[in-house]
Amino acid sequence: MTATESEQLRYIAAQAADARVNLEIETEGMTLNIGPQHPATHGTLRIVVKLDGEQVIEAEPVMGYMHRGYEKLAEVRTYPQVTTLVNRIDWLGSFANEVPFILAAERLMEVEAPPRAQWIRTILFELSRIANVTLFLGDMAVQVGAITPVFFAFRDREHVLNQIESATGGRFHPNFDRIGGLKDDLPAGWVAETRQAMVKIRSFCDQISELVEGNEIFQARTRGVGVVPADVGLSYGLSGPNIRASGVDWDVRRDSPCGLVYDQVDWKVWTHPGCDSFARFWVRLQETREATKIVDQLLDDIPSGPTMAKVPRIIKVPAGEAYVETENPLGVMGYYVVSKGDLVPFRVKIRSASFSNISIVPWLLRGVYVPDIITILGSLYFILGDIDR
Amino acid sequence: MTAVLEIAPFAILADLAYWQVTSIRAIAGLAAVLLVAGTLVYVHLFKLVSFMQSRLGPMEAGPYGSLQLLAETGKFLQKEDIIPRRADRFVFCTAPFVVLVSTFLLVVVLPAGPDAWFISNDLGIYLAMAVSSVSVIGILMAGWGSASKYSLIGGLRATGQLIAYELPLLLAVVGVVIQAETMNLQSIVLTQAEGEIFGWSGIGNPFILTQFLGFAIFMIALQAELTQTPFDMPVAESELVTGYMTEYSGLRFLLFFIGEFATAGVFSAIAAVLFLGGWYIPGLDAGSELFNVIGPLVLVGKVVLLSLLIFWFRFTFPRFREDQLQKLAWKYLIPLSLANIFVTAVLKVLW
């Protein structure tokens with residue numbers, strides 16, 4: 001054994017002694033790096049967990065591997081250019097990222113989109129919610145070990161993505177929302193096709209409900225796992241389906257629908273008193289069904305008229321500040337826009353849902369077992385781009 | 001042991017020299033393991049799962065992608081064989097072979113026809129259950145030798161799981177042994193072939209009819225023994241990357257992969273022999289020479305059917321957690337299989 005090798009071994013032994021956490025039965029702790037590259041983190045989230053056997057002593061998410069500096073970049077882009085950037089925040093439901101920013105800019109400029117544009121905005125907003133959450137419904141099953149549902153999710157998400165593409169020209173990054181309205185009107189025949197897509201999504205939800213939700217093993221794996229009491233969840237800033245699964249009846253779509261026409265349709269906010277991973281899955285499943293109903297109702301009476309209000313060709317936003325938040329697929333997303341009357345925003349602060357949602361991870365993972373880490377992370381449902389902007 | 005391991009090959013091979021018989025057996029053993037494993041990979045992993053997941057699966061290599069397996073094997077063969085620097089080289093390198101050894105030893109006791117078998121062993125099923133445990137050592141070696149935390153957790157999980165499920169697997173077999181009054185697999189097949197159901201001997205008496213509880217327990221324990229999906233925490237790819245296989249690449253990974261499917265095939269064959277009548281199909285005389293030719297094919301057919309069950313579960317269910325798995329084994333399967341033995345024994349005495 002060479003000198004370096006014995007040094008190495010001594011170093012390892014010292015590390016192991018440091019990590020000794022359970023003195024009573026003389027077991028040694030182990031620090032496990034889950035990520036940045038790991039099949040369960042769909043992105044580059046790194047979680048450092050200290051383990052005692054298979055039990056987690058301490059868990060700490062390390063963020064920033066995908067930080068792209070959007071808040072800073074937005075300061076050197078004109079207002080119409082910013083939507084291209086913010087599209088990439090939550091890449092699965094990207095149209096939903098554009099809307100709050102545009103709404104904030106519209107509020108500063110004191111313009112309002114024509115009714116038709118508002119209607120189509122809301123439809124596309126809900127379509128991107130469906131595109132996002134269908135993938136979750138499949139992905140959650142993968143996290144607990146069933147590999148088939150995710151293929152169904154990819155198959156049926158395609159119907160929605162096709163509709164988004166045929167309306168906006170972009171499957172993933174539509175960049176379709178403009179200050180004062182939308183880039184284009186809907187193509188011919190789009191309404192009927194979207195209705196068909198909604199039927200397919202509903203049957204997909206039924207399929208998932210049979211295949212995953214009702215499965216005894218799935219229930220055994222998710223019920224009572226990762227319990228977030230309502231007060232703890234609120235104090236950590238959880239939002240969206242995550243907090244509704246703790247029984248908090250709070251939905252920005254219903255409570256403060258600025259600029260979107262949710263008050264025109266008849267729909268329901270789903271909550272679940274379970275507070276656990278199963279509740280979070282269940283709430284998202286119901287929300288997908290509810291979203292198809294919202295889209296169907298909105299498709300029934302899209303008002304006619306222009307899709308663009310009168311706005312100057314070169315957009316200068318008057319000085320002031322505005323904060324607009326919407327209920328995005330992952331939770332509440334808000335933009336705080338400060339303008340100094342320039343072509344570019346002076347400062348943009350993005351409040352993205354996943355960043356707040358995973359702040360509860362260290363609290364939630366304490367004392368759980370390794371398989372539950374994955375279940376809990378999967379049920380919190382974050383998108384890495386939404387954590388690291 | 002020499003008396004037990006009485007060597008009696010095919011009748012037609014009786015005149016050949018020892019080395020000739022040995023090479024024929026080696027080739028037959030390889031074929032019995034690898035051909036079945038290849039069939040299972042193609043039929044189930046490539047095609048059945050693609051059908052279930054509404055996709056086509058491999059289509060380009062050969063008709064309906066039937067040569068895809070060759071391409072995959074070639075890919076694995078030319079990959080670099082990476083050994084981690086901190087790994088225990090000897091343990092790390094030998095682990096996949098230890099896993100495969102147990103699979104090959106299992107084939108030894110399997111009868112494929114009235115005269116087509118490797119050894120006629122009066123302890124047949126006992127030997128099979130004993131050597132199947134050898135793979136645990138290989139898995140533990142892989143988990144420990146890789147010097148990776150994921151591998152270590154995977155290896156330890158695998159060990160705990162395999163020990164827990166060895167027991168119901170064995171106890172489920174005991175019911176069959178009581179009913180057949182022998183542990184020799186060839187005799188078990190013949191008992192089923194010559195049996196009769198209330199005087200009607202049309203289809204013999206496959207033990208799945210009388211030992212359906214034993215069959216269910218055997219298949220569940222088998223699923224866990226093979227670390228297939230409801231019980232796949234040792235390789236749980238969403239938690240532990242691939243568990244004890246994480247650090248392996250190239251040929252050694254291929255060996256694990258073959259081991260997985262070959263073991264599925266061999267265990268299905270054992271289940272077929274124990275519960276479905278092995279190489280026998282109704283309509284022919286069990287002593288007929290014809291069975292030496294069609295027996296292996298019948299057995300492979302039954303293996304494909306039984307492994308369809310295994311892979312169907314594998315691609316449908318989520319996985320248990322470690323504690324739930326142990327609970328299932330110790331609280332439900334083992335008491336049930338003990339009850340099964342008790343009822344079988346009582347009925348055996350009464351009849």
# chains A, B, ... in the order shown; residues from 1 in each chain; ligands from 1
call {"tool": "interface_residues", "arguments": {"of": "chain B", "to": "chain A", "cutoff": "9 Å", "atoms": "only C-alpha atoms", "output": "list in words"}}
result
Val49, Met52, Gln53, Ser54, Arg55, Lys149, Tyr150, Ile153, Thr229, Pro230, Asp232, Met233, Ala236, Glu237, Ser238, Glu239, Leu240, Val241, Arg314, Phe315, Thr316, Phe317, Pro318, Arg319, Phe320, Arg321, Glu322 and Gln324 of chain B
call {"tool": "residues_around", "arguments": {"residues": "range 181-196 of chain B", "least_positions_apart": "2", "cutoff": "9 Å", "atoms": "only C-alpha atoms", "output": "PDB file with C-alpha atoms, in the first residue's frame"}}
result
ATOM      1  CA  VAL B 109     -32.257 -30.286 -12.697  1.00  0.00           C
ATOM      2  CA  LEU B 110     -34.857 -29.278 -15.287  1.00  0.00           C
ATOM      3  CA  PRO B 111     -36.406 -32.126 -17.275  1.00  0.00           C
ATOM      4  CA  ALA B 112     -37.350 -31.295 -20.866  1.00  0.00           C
ATOM      5  CA  GLY B 113     -38.615 -34.725 -21.977  1.00  0.00           C
ATOM      6  CA  PRO B 114     -38.840 -38.337 -20.794  1.00  0.00           C
ATOM      7  CA  TRP B 117     -32.525 -34.032 -18.960  1.00  0.00           C
ATOM      8  CA  SER B 120     -31.927 -37.102 -12.608  1.00  0.00           C
ATOM      9  CA  ASN B 121     -31.672 -35.940  -9.069  1.00  0.00           C
ATOM     10  CA  ASP B 122     -33.867 -37.199  -6.273  1.00  0.00           C
ATOM     11  CA  LEU B 123     -33.291 -33.923  -4.476  1.00  0.00           C
ATOM     12  CA  GLY B 124     -34.107 -31.977  -7.655  1.00  0.00           C
ATOM     13  CA  ILE B 125     -36.267 -29.133  -6.415  1.00  0.00           C
ATOM     14  CA  TYR B 126     -34.278 -28.921  -3.197  1.00  0.00           C
ATOM     15  CA  VAL B 176     -46.309 -29.704  -4.513  1.00  0.00           C
ATOM     16  CA  VAL B 177     -43.701 -32.032  -3.052  1.00  0.00           C
ATOM     17  CA  ILE B 178     -46.203 -33.416  -0.550  1.00  0.00           C
ATOM     18  CA  GLN B 179     -48.731 -34.023  -3.258  1.00  0.00           C
ATOM     19  CA  PHE B 198     -61.804 -37.642  -9.882  1.00  0.00           C
ATOM     20  CA  GLY B 199     -61.142 -40.573 -12.151  1.00  0.00           C
ATOM     21  CA  TRP B 200     -60.915 -38.487 -15.327  1.00  0.00           C
ATOM     22  CA  SER B 201     -57.409 -38.618 -16.745  1.00  0.00           C
ATOM     23  CA  GLY B 202     -58.004 -36.488 -19.868  1.00  0.00           C
ATOM     24  CA  ILE B 203     -55.514 -33.774 -19.006  1.00  0.00           C
ATOM     25  CA  GLY B 204     -53.609 -35.526 -16.253  1.00  0.00           C
ATOM     26  CA  ASN B 205     -53.620 -33.571 -13.010  1.00  0.00           C
ATOM     27  CA  PRO B 206     -51.576 -30.374 -13.278  1.00  0.00           C
ATOM     28  CA  PHE B 207     -50.855 -29.184  -9.754  1.00  0.00           C
ATOM     29  CA  ILE B 270     -39.428 -24.554 -12.734  1.00  0.00           C
ATOM     30  CA  VAL B 273     -42.667 -28.108 -14.183  1.00  0.00           C
ATOM     31  CA  LEU B 274     -44.137 -27.810 -10.710  1.00  0.00           C
ATOM     32  CA  PHE B 275     -47.572 -26.515 -11.571  1.00  0.00           C
ATOM     33  CA  LEU B 276     -48.303 -26.866 -15.278  1.00  0.00           C
ATOM     34  CA  GLY B 277     -47.021 -30.342 -15.999  1.00  0.00           C
ATOM     35  CA  GLY B 278     -43.632 -29.444 -17.470  1.00  0.00           C
ATOM     36  CA  TRP B 279     -42.965 -30.905 -20.877  1.00  0.00           C
ATOM     37  CA  TYR B 280     -46.197 -32.890 -20.929  1.00  0.00           C
ATOM     38  CA  ILE B 281     -49.209 -31.889 -22.984  1.00  0.00           C
ATOM     39  CA  PRO B 282     -52.470 -33.810 -22.816  1.00  0.00           C
ATOM     40  CA  ASP B 285     -48.733 -40.895 -23.879  1.00  0.00           C
ATOM     41  CA  ALA B 286     -46.246 -39.582 -21.316  1.00  0.00           C
ATOM     42  CA  GLY B 287     -43.759 -42.291 -22.166  1.00  0.00           C
TER      43      GLY B 287
END
call {"tool": "closest_residue", "arguments": {"among": "A:Val228, A:Arg116, A:Arg289, A:Arg284", "to": "Lys200 in chain A", "atoms": "only C-alpha atoms"}}
result
A:Arg289
call {"tool": "residues_around", "arguments": {"residues": "Phe136 in chain A", "least_positions_apart": "5", "cutoff": "10 Å", "atoms": "only C-alpha atoms", "output": "list of chain:residue names"}}
result
A:Leu92, A:Ile130, A:Ala131, A:Ala141, A:Val142, A:Val150, A:Ala153, A:Phe281, A:Arg284, A:Leu285, A:Gly378, A:Ser379, A:Leu380, A:Tyr381, A:Phe382
call {"tool": "atom_distance", "arguments": {"atom1": "CA of His44 in chain B", "atom2": "CA of Leu306 in chain B"}}
result
11.2 Å
call {"tool": "decode", "arguments": {"residues": "range 122-222 of chain A", "atoms": "C-alpha atoms", "output": "CSV table (one decimal), in the first residue's frame"}}
result
chain,number,residue,atom,x,y,z
A,122,THR,CA,-57.3,32.0,-21.1
A,123,ILE,CA,-57.8,29.0,-23.4
A,124,LEU,CA,-54.1,28.7,-24.2
A,125,PHE,CA,-53.3,29.2,-20.5
A,126,GLU,CA,-55.4,26.2,-19.6
A,127,LEU,CA,-54.0,24.2,-22.5
A,128,SER,CA,-50.5,24.8,-21.3
A,129,ARG,CA,-51.7,23.7,-17.8
A,130,ILE,CA,-53.0,20.5,-19.3
A,131,ALA,CA,-49.8,20.0,-21.3
A,132,ASN,CA,-47.8,20.4,-18.1
A,133,VAL,CA,-49.9,18.4,-15.7
A,134,THR,CA,-50.6,15.4,-17.9
A,135,LEU,CA,-46.8,14.8,-17.9
A,136,PHE,CA,-46.9,15.0,-14.1
A,137,LEU,CA,-49.6,12.4,-13.9
A,138,GLY,CA,-47.4,10.0,-15.9
A,139,ASP,CA,-44.2,11.1,-14.2
A,140,MET,CA,-45.5,10.5,-10.7
A,141,ALA,CA,-46.1,6.9,-11.6
A,142,VAL,CA,-42.5,6.6,-12.8
A,143,GLN,CA,-41.3,8.0,-9.5
A,144,VAL,CA,-42.9,5.3,-7.6
A,145,GLY,CA,-41.8,2.6,-10.1
A,146,ALA,CA,-44.5,2.1,-12.8
A,147,ILE,CA,-43.0,2.8,-16.1
A,148,THR,CA,-46.0,2.4,-18.4
A,149,PRO,CA,-48.2,5.5,-17.5
A,150,VAL,CA,-45.6,8.0,-18.6
A,151,PHE,CA,-45.9,6.7,-22.2
A,152,PHE,CA,-49.6,7.3,-22.1
A,153,ALA,CA,-48.8,10.8,-20.8
A,154,PHE,CA,-46.5,11.6,-23.6
A,155,ARG,CA,-48.9,10.1,-26.1
A,156,ASP,CA,-51.9,12.2,-25.0
A,157,ARG,CA,-50.0,15.4,-24.2
A,158,GLU,CA,-49.3,15.4,-27.9
A,159,HIS,CA,-52.9,16.2,-28.7
A,160,VAL,CA,-52.7,19.4,-26.6
A,161,LEU,CA,-49.3,20.4,-27.9
A,162,ASN,CA,-50.6,20.0,-31.5
A,163,GLN,CA,-53.3,22.5,-30.7
A,164,ILE,CA,-50.9,24.9,-29.1
A,165,GLU,CA,-48.7,24.6,-32.1
A,166,SER,CA,-51.4,25.1,-34.7
A,167,ALA,CA,-52.6,28.2,-32.9
A,168,THR,CA,-49.2,29.8,-32.0
A,169,GLY,CA,-46.6,28.1,-34.3
A,170,GLY,CA,-44.5,26.8,-31.4
A,171,ARG,CA,-45.0,23.5,-29.6
A,172,PHE,CA,-43.0,24.4,-26.5
A,173,HIS,CA,-42.2,28.0,-26.7
A,174,PRO,CA,-45.2,29.8,-28.3
A,175,ASN,CA,-44.0,33.4,-27.6
A,176,PHE,CA,-47.5,34.4,-28.7
A,177,ASP,CA,-48.6,36.9,-26.1
A,178,ARG,CA,-48.2,40.5,-26.9
A,179,ILE,CA,-48.8,43.7,-24.9
A,180,GLY,CA,-52.4,44.6,-25.8
A,181,GLY,CA,-53.4,41.3,-27.2
A,182,LEU,CA,-52.2,38.3,-29.2
A,183,LYS,CA,-49.9,37.9,-32.2
A,184,ASP,CA,-52.5,36.2,-34.4
A,185,ASP,CA,-56.1,35.1,-34.4
A,186,LEU,CA,-57.0,31.4,-34.2
A,187,PRO,CA,-56.7,29.3,-37.4
A,188,ALA,CA,-59.8,27.9,-39.1
A,189,GLY,CA,-61.1,24.7,-37.6
A,190,TRP,CA,-59.1,25.1,-34.4
A,191,VAL,CA,-62.1,25.2,-32.1
A,192,ALA,CA,-63.5,21.8,-33.2
A,193,GLU,CA,-60.0,20.2,-33.1
A,194,THR,CA,-59.4,21.5,-29.5
A,195,ARG,CA,-62.8,20.0,-28.4
A,196,GLN,CA,-61.6,16.6,-29.7
A,197,ALA,CA,-58.3,17.0,-27.9
A,198,MET,CA,-60.2,17.7,-24.7
A,199,VAL,CA,-62.2,14.5,-25.1
A,200,LYS,CA,-58.9,12.6,-25.5
A,201,ILE,CA,-57.5,14.3,-22.4
A,202,ARG,CA,-60.5,13.3,-20.4
A,203,SER,CA,-60.2,9.7,-21.4
A,204,PHE,CA,-56.5,9.9,-20.5
A,205,CYS,CA,-57.5,11.1,-17.1
A,206,ASP,CA,-59.8,8.2,-16.7
A,207,GLN,CA,-57.1,5.8,-17.8
A,208,ILE,CA,-54.6,7.3,-15.3
A,209,SER,CA,-57.3,7.1,-12.6
A,210,GLU,CA,-57.8,3.4,-13.2
A,211,LEU,CA,-54.1,2.5,-13.8
A,212,VAL,CA,-52.4,4.6,-11.1
A,213,GLU,CA,-54.9,6.3,-8.7
A,214,GLY,CA,-56.8,3.2,-7.8
A,215,ASN,CA,-53.7,1.0,-7.6
A,216,GLU,CA,-53.2,-0.4,-4.1
A,217,ILE,CA,-49.4,-0.3,-4.3
A,218,PHE,CA,-49.5,3.4,-5.5
A,219,GLN,CA,-51.8,4.3,-2.6
A,220,ALA,CA,-49.6,2.4,-0.1
A,221,ARG,CA,-46.6,4.3,-1.4
A,222,THR,CA,-48.2,7.8,-1.4
